[in-house]
Each structure stands twice: as C-alpha cells, then as structure tokens.
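For reference, the structure discussed in these notes is given below.
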Amino acid sequence: MILVVDMNWKKNSLGYSEFVLPIIEATQKSEKCVVKHYSEVADSDIQGCSRIILSGTTLKDNVTLEQTEKFAWLKTVDKPVLGVCAGMQTIGAVFGLLLTRSMEIGMTQVKTQNANPLCSGTFKAYSLHNYCVESSDEFEILAESTKCIQALKHKRKPLYGVLFHPEVRNLEIIKRFIQLKQ
C-alpha cells in the first residue's frame, strides 16, 4: 500500500484536487493507496505502507516548512519516499538543506545530471514553486534546470525529491518510483 501525504495547509483544501488527486489516480493503477493529511500521519501509517509520496501544494502554501518536526520520521524511514515540490522542499528542510527563493511557473526544461531510476536525458516538466533547495553532501543531484536543482536523492536512504510536478506532466516518474525495488 502506498501512503500519499497531503501536504496542503489544511485538510480538504482546494489544493487537494490539484496536487493530491492526480497522484492518487496515478498510484491506484499499480497499488492500493491511502491518503493522510500531513498533520494526521502516525507511525502506524508509515509502518503499514510500502512507499510514501509527499504531495505538492499551492505557491503560497509553505506551512510544512514551518512544521518540520511533523516530518522527523523522514530521518529514520527505510521505505522509498518521493517528495513532490513542497514534499522535496520539506525533505530538504528536515535534513537542514538551505532553501532559497527561486520562482518557476510553467514548462521548464530539466536535464538529468546523474543516472537514476526516475528520469533520464533532457525533458520538459511543469514547475510551480517559490523555493528551491541548495546542494548538500548528504544528497545527490539527479536533475537540474537552468535555475535550480529539480531532482535529488539521499545518498544512503531511498528518499527522492522532484521540484517539478510529475502528476501534471511526466506521470512515468511516479510509475517508476512505484516500481522501485526496496
């Protein structure tokens, strides 16, 4: 079972339809999923799933960046995690990566920097973000745009982040994440 974490500022917000439902639709074709708002995620939810996807949010919704203690489980989780946009930013914040202002809205050209199971080559992706994460010795850069890091992976854990929105365009990235071997 896949745990999809709704990262929007409140449960059942308008962002749910835009950022969470498309992930549910993409995942349910491969594996059953359950959705929990980030404020309601319990240890039993994390233990009961095979992998976790942290959704994106609207441009002005940065609430999870101010509540990183709710994501302390990211430091110890041993299951694959994919953070999308706000999810990637939250992973970065939990691990102490510097977040800087970097707005990208619309189609962005992304170039793969290192071989990885999620993406390859140069491709177009849909971006909608105000912040990007800076590089760190703890994370490998997987892909970049001309402005910022677009995909990364923790060097020792199966934690992935994409700053763009694969649920809008590039659904194959979500499918590849679901097929990752643990």
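Residues are named by chain letter and number: chains run A, B, ... in the order of the structure tokens, numbers start at 1 in each chain, and ligands are numbered from 1 in the order shown.
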Discussion item. If DSSP is run on the backbone, what residues of range 18-153 of chain A are helix (DSSP H, G or I)? A reply as number ranges by chain would be ideal.
Written reply: A: 18-28, 38-40, 43-47, 63-66, 68-75, 86-94
Selection from above, C-alpha atoms, as a PDB file, in the first residue's frame, can you write it?
ATOM      1  CA  GLU A  18      -4.917  19.930  -7.920  1.00  0.00           C
ATOM      2  CA  PHE A  19      -1.988  18.323  -6.108  1.00  0.00           C
ATOM      3  CA  VAL A  20      -3.218  15.140  -4.385  1.00  0.00           C
ATOM      4  CA  LEU A  21      -5.965  13.621  -6.578  1.00  0.00           C
ATOM      5  CA  PRO A  22      -3.718  13.255  -9.658  1.00  0.00           C
ATOM      6  CA  ILE A  23      -1.170  11.356  -7.542  1.00  0.00           C
ATOM      7  CA  ILE A  24      -3.916   9.070  -6.224  1.00  0.00           C
ATOM      8  CA  GLU A  25      -5.119   8.409  -9.772  1.00  0.00           C
ATOM      9  CA  ALA A  26      -1.586   7.590 -10.924  1.00  0.00           C
ATOM     10  CA  THR A  27      -0.814   5.287  -7.993  1.00  0.00           C
ATOM     11  CA  GLN A  28      -4.074   3.352  -7.688  1.00  0.00           C
ATOM     12  CA  TYR A  38       0.438  15.585   6.980  1.00  0.00           C
ATOM     13  CA  SER A  39      -0.930  16.620  10.389  1.00  0.00           C
ATOM     14  CA  GLU A  40      -2.516  13.170  10.841  1.00  0.00           C
ATOM     15  CA  ASP A  43       3.829   5.788  12.945  1.00  0.00           C
ATOM     16  CA  SER A  44       1.344   3.038  12.112  1.00  0.00           C
ATOM     17  CA  ASP A  45       0.654   4.698   8.721  1.00  0.00           C
ATOM     18  CA  ILE A  46       4.363   4.763   7.934  1.00  0.00           C
ATOM     19  CA  GLN A  47       4.882   1.166   9.076  1.00  0.00           C
ATOM     20  CA  VAL A  63       3.199  25.632   6.091  1.00  0.00           C
ATOM     21  CA  THR A  64       5.112  22.341   6.134  1.00  0.00           C
ATOM     22  CA  LEU A  65       8.404  24.235   6.000  1.00  0.00           C
ATOM     23  CA  GLU A  66       7.446  25.769   9.344  1.00  0.00           C
ATOM     24  CA  THR A  68       9.411  20.157  10.057  1.00  0.00           C
ATOM     25  CA  GLU A  69       9.063  18.393  13.418  1.00  0.00           C
ATOM     26  CA  LYS A  70       5.978  16.642  11.965  1.00  0.00           C
ATOM     27  CA  PHE A  71       8.327  15.049   9.418  1.00  0.00           C
ATOM     28  CA  ALA A  72      11.064  13.860  11.788  1.00  0.00           C
ATOM     29  CA  TRP A  73      10.168  10.315  10.669  1.00  0.00           C
ATOM     30  CA  LEU A  74      11.959  11.066   7.380  1.00  0.00           C
ATOM     31  CA  LYS A  75      15.267  10.715   9.235  1.00  0.00           C
ATOM     32  CA  ALA A  86       6.663  21.107  -1.350  1.00  0.00           C
ATOM     33  CA  GLY A  87       7.454  17.494  -0.490  1.00  0.00           C
ATOM     34  CA  MET A  88      11.003  17.892  -1.809  1.00  0.00           C
ATOM     35  CA  GLN A  89      11.370  21.236  -0.052  1.00  0.00           C
ATOM     36  CA  THR A  90      10.180  19.665   3.212  1.00  0.00           C
ATOM     37  CA  ILE A  91      12.636  16.779   2.859  1.00  0.00           C
ATOM     38  CA  GLY A  92      15.366  19.373   2.323  1.00  0.00           C
ATOM     39  CA  ALA A  93      14.285  21.378   5.367  1.00  0.00           C
ATOM     40  CA  VAL A  94      14.196  18.271   7.590  1.00  0.00           C
TER      41      VAL A  94
END
Between range 84-129 of chain A and range 156-179 of chain A, at 7 Å or less, what are the per-residue closest atom pairs and their distances in Å? Count only C-alpha atoms, order by chain and rising residue number, and return it as JSON lines.
{"residue": "A:Val84", "atom": "CA", "partner": "A:Val162", "partner_atom": "CA", "distance": 5.1}
{"residue": "A:Cys85", "atom": "CA", "partner": "A:Leu163", "partner_atom": "CA", "distance": 4.1}
{"residue": "A:Met88", "atom": "CA", "partner": "A:Gly161", "partner_atom": "CA", "distance": 4.4}
{"residue": "A:Pro117", "atom": "CA", "partner": "A:Arg176", "partner_atom": "CA", "distance": 6.8}
{"residue": "A:Leu118", "atom": "CA", "partner": "A:Ile173", "partner_atom": "CA", "distance": 5.2}
{"residue": "A:Cys119", "atom": "CA", "partner": "A:Ile173", "partner_atom": "CA", "distance": 6.5}
{"residue": "A:Ala125", "atom": "CA", "partner": "A:Arg169", "partner_atom": "CA", "distance": 6.1}
{"residue": "A:Tyr126", "atom": "CA", "partner": "A:His165", "partner_atom": "CA", "distance": 5.5}
{"residue": "A:Ser127", "atom": "CA", "partner": "A:Phe164", "partner_atom": "CA", "distance": 4.5}
{"residue": "A:Leu128", "atom": "CA", "partner": "A:Phe164", "partner_atom": "CA", "distance": 6.8}
Fill in: Spatial neighbours of Gly48 in chain A, max dist 12 Å, only C-alpha atoms, sep filter under 2 positions, as a list of chain:residue names
A:Met1, A:Ile2, A:Leu3, A:Lys32, A:Cys33, A:Val34, A:Val41, A:Ala42, A:Asp43, A:Ser44, A:Asp45, A:Ile46, A:Ser50, A:Arg51, A:Ile52, A:Val77, A:Lys79
Export C-alpha atoms of the chosen residues as a PDB file, in the first residue's frame?
ATOM      1  CA  MET A   1       0.000   0.000   0.000  1.00  0.00           C
ATOM      2  CA  ILE A   2       1.205   3.499  -0.874  1.00  0.00           C
ATOM      3  CA  LEU A   3       0.815   6.321   1.628  1.00  0.00           C
ATOM      4  CA  LYS A  32      -3.770   0.461  -3.404  1.00  0.00           C
ATOM      5  CA  CYS A  33      -3.158   3.800  -1.693  1.00  0.00           C
ATOM      6  CA  VAL A  34      -4.307   5.609   1.397  1.00  0.00           C
ATOM      7  CA  VAL A  41       0.309  10.846   9.768  1.00  0.00           C
ATOM      8  CA  ALA A  42       1.035   8.316  12.520  1.00  0.00           C
ATOM      9  CA  ASP A  43       3.829   5.788  12.945  1.00  0.00           C
ATOM     10  CA  SER A  44       1.344   3.038  12.112  1.00  0.00           C
ATOM     11  CA  ASP A  45       0.654   4.698   8.721  1.00  0.00           C
ATOM     12  CA  ILE A  46       4.363   4.763   7.934  1.00  0.00           C
ATOM     13  CA  SER A  50       5.368   0.030   1.103  1.00  0.00           C
ATOM     14  CA  ARG A  51       6.301   3.549  -0.023  1.00  0.00           C
ATOM     15  CA  ILE A  52       5.341   7.175   0.594  1.00  0.00           C
ATOM     16  CA  VAL A  77      12.192   5.776   7.496  1.00  0.00           C
ATOM     17  CA  LYS A  79      10.943   2.840   2.739  1.00  0.00           C
TER      18      LYS A  79
END
Worksheet item: Hey, what does DSSP flag as strand (DSSP E or B) within chain A? Can you give it to me as a PyMOL selection string?
Response: chain A and resi 2-6+33-37+51-54+81-84+99-112+122-133+139-144+149-154+159-162
Worksheet item: By how many Å are CA of Pro80 in chain A and CA of Lys181 in chain A apart?
Response: 8.7 Å
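Shortest atom-to-atom contact with Val110 in chain A among A:Gln150, A:Thr76, A:Gln67, A:Asn8: A:Gln150, counting only C-alpha atoms.
Using only C-alpha atoms, the protein and nucleic acid residues lying no more than 8 Å from Cys148 in chain A, apart from those fewer than 6 places from it along its own chain, are Ser102, Cys132, Val133 and Glu134 of chain A.
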Long-range neighbours of Asn130 in chain A as a short mmCIF file (atom, residue, chain, number, x, y, z; two decimals) with N, CA and C atoms, in the first residue's frame, 9 Å cut-off, only C-alpha atoms, 2 positions minimum in chain:
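Result saved to out11.cif:
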data_model
loop_
_atom_site.label_atom_id
_atom_site.label_comp_id
_atom_site.auth_asym_id
_atom_site.auth_seq_id
_atom_site.Cartn_x
_atom_site.Cartn_y
_atom_site.Cartn_z
N LEU A 59 1.42 27.77 -4.53
CA LEU A 59 2.60 28.63 -4.42
C LEU A 59 2.73 29.31 -3.06
N LYS A 60 1.62 29.72 -2.48
CA LYS A 60 1.68 30.46 -1.22
C LYS A 60 1.59 29.56 0.02
N THR A 100 16.24 28.48 -0.91
CA THR A 100 16.39 29.84 -1.42
C THR A 100 15.22 30.16 -2.34
N ARG A 101 14.93 31.45 -2.46
CA ARG A 101 13.85 31.88 -3.36
C ARG A 101 14.24 31.60 -4.79
N SER A 102 13.34 30.97 -5.50
CA SER A 102 13.55 30.67 -6.91
C SER A 102 12.21 30.32 -7.52
N MET A 103 11.60 31.28 -8.17
CA MET A 103 10.28 31.05 -8.74
C MET A 103 10.40 30.51 -10.16
N GLU A 104 9.65 29.43 -10.39
CA GLU A 104 9.48 28.88 -11.73
C GLU A 104 8.01 28.51 -11.86
N ILE A 105 7.38 29.01 -12.91
CA ILE A 105 5.98 28.69 -13.18
C ILE A 105 5.86 28.33 -14.65
N LEU A 128 6.00 24.77 -10.55
CA LEU A 128 5.17 25.74 -9.85
C LEU A 128 5.71 25.84 -8.43
N CYS A 132 13.73 26.70 -3.92
CA CYS A 132 14.50 25.53 -4.33
C CYS A 132 15.44 25.15 -3.20
#
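Counting only C-alpha atoms, range 141-147 of chain A has the following residues at most 7 Å away, ignoring those fewer than 3 positions along the same chain: Thr108, Gln109, Val110, Lys111, Thr112, Gln113, Asn114, Asn116, Gln150, Ala151, Leu152 and Lys153 of chain A.
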Include C-alpha atoms and write out the residues we just selected as a compact mmCIF listing (two decimals), in the first residue's frame.
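Below you can see result_12.txt, which holds the result:
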# COMPACT_ATOMS: atom_id res chain seq x y z
CA THR A 108 10.72 24.01 -17.53
CA GLN A 109 13.49 22.18 -19.33
CA VAL A 110 15.10 19.67 -16.98
CA LYS A 111 18.42 17.96 -17.65
CA THR A 112 19.43 14.76 -15.89
CA GLN A 113 22.82 15.09 -14.18
CA ASN A 114 23.29 11.56 -12.80
CA ASN A 116 18.87 7.30 -11.65
CA GLN A 150 14.97 19.75 -9.98
CA ALA A 151 15.53 16.22 -8.61
CA LEU A 152 17.67 14.74 -5.86
CA LYS A 153 18.21 11.58 -3.82
